[in-house]
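Visitor: Encoded as structure tokens, here's the structure I'll be asking about.
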There are 2 protein chains.
Amino acid sequence: MITSMGNAQVKQLLQWQKKAKQRNKDGIFLVEGIRMSAEVPKERLQNVYVSKSFYEKKKEILDKMQIPCEILADDVFARVSDTQTPQGILCVVKQSIYKFEEVTGGKRVHLMVLDNLQDPGNLGTIFRTAEGAGVSGIILSKDCVDIYNPKTIRSTMGAIYRMPFIYVEDLPEACALLKKKEICLYAAHLDGAHFYDEEDYSGGCAFLIGNEGNGLRDEVAACADVRIKIPMHGQVESLNAAVAASILMYEVCRQRRKE
Amino acid sequence: MITSMGNAQVKQLLQWQKKAKQRNKDGIFLVEGIRMSAEVPKERLQNVYVSKSFYEKKKEILDKMQIPCEILADDVFARVSDTQTPQGILCVVKQSIYKFEEVTGGKRVHLMVLDNLQDPGNLGTIFRTAEGAGVSGIILSKDCVDIYNPKTIRSTMGAIYRMPFIYVEDLPEACALLKKKEICLYAAHLDGAHFYDEEDYSGGCAFLIGNEGNGLRDEVAACADVRIKIPMHGQVESLNAAVAASILMYEVCRQRRKE
């Protein structure tokens with residue numbers, strides 16, 4: 001059992017917990033909790049750490065996972081955990097690096113393109129809903145919040161393991177590549193000429209979703225083939241970014257189910 | 001200018017910030033930030049507090065609001081604020097008490113019924129989306145998170161001032177009253193017989209939304225006339241509560257727009 005904060009593994013975990021740069025350099029990320037740990041694809045699971053209490057009370061879960069784990073004293077575990085009331089299990093998982101072609105390939109793709117999204121919860125929720133709606137891939141501008149942020153990971157509810165995604169340096173350039181593939185680009189925009197449900201999404205489509213406070217950047221909005229809007233009653237000026245994205249994703253899902 | 005934490009008004013603000021019971025007893029709540037302050041209905045605005053820096057830099061905003069304000073020293077303001085980086089303006093606002101009849105009355109009502117919803121952000125986001133989708137009222141079980149929680153208020157983006165709502169002691173009893181009014185009750189439920197978009201929402205309708213982790217309580221789900229489900233691809237077992245509610249709200253909005 002590891003009981004010291006000076007332990008090399010503990011120091012490493014702390015670095016990964018706090019520093020996105022270090023996570024990306026080492027190609028790993030951390031997940032916590034029973035549910036998120038149980039869903040880690042086996043070939044990507046690198047290490048498992050549990051608290052002493054967890055080990056004593058929930059040994060059967062570990063037996064099921066059939067993987068050796070390292071035990072940390074409860075107070076040490078609490079320090080490496082990102083949560084205020086840790087469940088007591090933490091996994092080191094290998095990042096998946098997808099190629100642009102993997103994220104955007106296939107027939108009748110359904111893509112979400114995120115421009116400078118900043119809220120970790122929103123990003124995770126978009127991943128979760130995207131898997132549910134049958135989205136085929138997600139493209140993120142390089143200044144979006146880190147998908148490996150602990151709060152984002154929790155909000156994905158496991159979709160992070162399964163949804164192909166890629167961060168791109170230049171979003172307008174990525175949009176141009178999508179157009180070459182004859183994928184139709186829709187921008188959720190207040191200036192939309194049509195309501196979102198008046199378009200036909202039976203072909204390959206991609207939806208541009210903007211930043212929470214500022215919406216889409218002009219140069220990104222300019223990439224769209226069609227601007228669509230979500231109708232809003234009352235004095236509402238915009239919807240939450242994850243909500244707007246979800247309404248669009250499920251409209252595609254609805255139309256394709258009707259075919 | 002108030003410079004002491006011992007000041008009676010400051011003590012009062014702190015109580016209201018921290019204690020739901022005290023807020024409800026006094027029938028007030030606190031909102032922060034320029035946007036949320038600007039949208040307070042005039043007749044409900046009781047007091048305005050600003051930080052010294054805010055007063056010096058943004059006097060024109062206060063002139064527009066045409067309301068006398070109390071100035072707090074910056075460090076005092078920071079202590080009464082709920083946010084880590086306060087904008088420097090805080091309003092004391094009178095709560096709106098709606099009657100059941102006001103929330104549920106009218107023609108072709110569109111209601112959301114929330115059962116033990118716990119996440120402040122989800123509740124606020126549901127209010128925001130509800131206003132956008134043209135929902136007529138929201139009914140909450142008494143054990144839902146407090147609508148006057150500062151995080152909830154922020155997430156409503158002002159819908160809290162405009163959306164009629166009521167907390168009820170007994171949710172099944174409230175459901176029975178809705179049925180008497182011939183409002184059709186739909187439960188979002190994994191056991192749903194139909195997809196959510198296969199029902200006709202042209203008449204009065206109400207949607208039961210359950211707790212984030214556990215879904216609807218059995219006795220609440222039993223109140224529904226129809227169980228509907230949102231299709232889910234992949235390994236997704238459920239959607240975020242605010243996302244699920246939003247998809248349903250906008251389906252009603254979509255159908256009614258087509259009439």
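Chains: A, B, ... in order of the structure tokens. Residues: from 1 per chain. Ligands: from 1, in order shown.
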Please check the contacts: residues of chain B at most 6 Å away from chain A, using only C-alpha atoms, listed as a list in words.
Guide: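 Result, ordered by chain then number: Glu131, Gly132, Ala133, Gly134, Met232, His233, Gly234, Val236, Val243 and Ile247 of chain B.
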Visitor: I'd like the contact shell of B:Leu208 - 6 Å cut-off, only C-alpha atoms, skipping same-chain residues fewer than 4 positions apart - returned as a JSON list (two decimals) with C-alpha atoms, in the first residue's frame.
Guide:
[["chain", "number", "residue", "atom", "x", "y", "z"],
["B", 113, "VAL", "CA", -43.24, 18.30, -14.17],
["B", 114, "LEU", "CA", -39.93, 17.72, -12.38],
["B", 187, "ALA", "CA", -43.43, 10.16, -18.80]]
Visitor: Would you list, as a VMD selection string, the residues of stretch 78-223 of chain A that end up in alpha helix (DSSP H) under DSSP run on this structure's backbone?
Guide: chain A and resid 78 to 80 100 to 104 120 to 133 150 to 156 171 to 180 218 to 221
Visitor: Would you save the residues of that selection, restricted to C-alpha atoms, as a PDB file, in the first residue's frame?
Guide:
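That gives us selection_22.pdb:
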ATOM      1  CA  ALA A  78      -8.306  11.847  -1.507  1.00  0.00           C
ATOM      2  CA  ARG A  79      -5.398  14.067  -2.563  1.00  0.00           C
ATOM      3  CA  VAL A  80      -4.990  12.566  -6.021  1.00  0.00           C
ATOM      4  CA  PHE A 100      -9.306  13.255 -39.523  1.00  0.00           C
ATOM      5  CA  GLU A 101     -10.344  10.564 -41.999  1.00  0.00           C
ATOM      6  CA  GLU A 102     -11.539   8.267 -39.201  1.00  0.00           C
ATOM      7  CA  VAL A 103     -13.645  10.980 -37.623  1.00  0.00           C
ATOM      8  CA  THR A 104     -15.163  12.221 -40.857  1.00  0.00           C
ATOM      9  CA  PRO A 120     -16.400  21.364 -19.508  1.00  0.00           C
ATOM     10  CA  GLY A 121     -19.914  20.180 -18.616  1.00  0.00           C
ATOM     11  CA  ASN A 122     -21.317  21.317 -21.960  1.00  0.00           C
ATOM     12  CA  LEU A 123     -18.600  19.495 -23.883  1.00  0.00           C
ATOM     13  CA  GLY A 124     -19.126  16.266 -21.957  1.00  0.00           C
ATOM     14  CA  THR A 125     -22.897  16.510 -22.370  1.00  0.00           C
ATOM     15  CA  ILE A 126     -22.499  17.004 -26.122  1.00  0.00           C
ATOM     16  CA  PHE A 127     -20.382  13.832 -26.320  1.00  0.00           C
ATOM     17  CA  ARG A 128     -22.972  11.893 -24.310  1.00  0.00           C
ATOM     18  CA  THR A 129     -25.931  13.103 -26.389  1.00  0.00           C
ATOM     19  CA  ALA A 130     -23.961  12.661 -29.612  1.00  0.00           C
ATOM     20  CA  GLU A 131     -23.467   8.970 -28.945  1.00  0.00           C
ATOM     21  CA  GLY A 132     -27.167   8.651 -28.124  1.00  0.00           C
ATOM     22  CA  ALA A 133     -28.232  10.444 -31.307  1.00  0.00           C
ATOM     23  CA  PRO A 150     -12.036  15.640 -15.258  1.00  0.00           C
ATOM     24  CA  LYS A 151     -15.445  17.368 -15.276  1.00  0.00           C
ATOM     25  CA  THR A 152     -15.780  16.849 -19.020  1.00  0.00           C
ATOM     26  CA  ILE A 153     -14.907  13.174 -18.712  1.00  0.00           C
ATOM     27  CA  ARG A 154     -17.554  12.675 -16.006  1.00  0.00           C
ATOM     28  CA  SER A 155     -20.218  14.419 -18.094  1.00  0.00           C
ATOM     29  CA  THR A 156     -19.566  12.160 -21.104  1.00  0.00           C
ATOM     30  CA  LEU A 171     -11.413  25.112 -38.198  1.00  0.00           C
ATOM     31  CA  PRO A 172     -12.220  26.905 -41.490  1.00  0.00           C
ATOM     32  CA  GLU A 173      -9.672  24.661 -43.223  1.00  0.00           C
ATOM     33  CA  ALA A 174     -11.328  21.574 -41.698  1.00  0.00           C
ATOM     34  CA  CYS A 175     -14.698  22.875 -42.925  1.00  0.00           C
ATOM     35  CA  ALA A 176     -13.296  23.204 -46.440  1.00  0.00           C
ATOM     36  CA  LEU A 177     -12.216  19.533 -46.303  1.00  0.00           C
ATOM     37  CA  LEU A 178     -15.735  18.536 -45.242  1.00  0.00           C
ATOM     38  CA  LYS A 179     -17.213  20.432 -48.168  1.00  0.00           C
ATOM     39  CA  LYS A 180     -14.919  18.582 -50.550  1.00  0.00           C
ATOM     40  CA  ASP A 218     -17.565  35.104 -38.136  1.00  0.00           C
ATOM     41  CA  GLU A 219     -14.910  33.224 -40.096  1.00  0.00           C
ATOM     42  CA  VAL A 220     -16.385  29.906 -38.928  1.00  0.00           C
ATOM     43  CA  ALA A 221     -20.008  30.918 -39.529  1.00  0.00           C
TER      44      ALA A 221
END
Visitor: Tell me, in Å to one decimal, how far atom CA of B:Trp16 is from atom CA of B:Glu56.
Guide: 26.1 Å
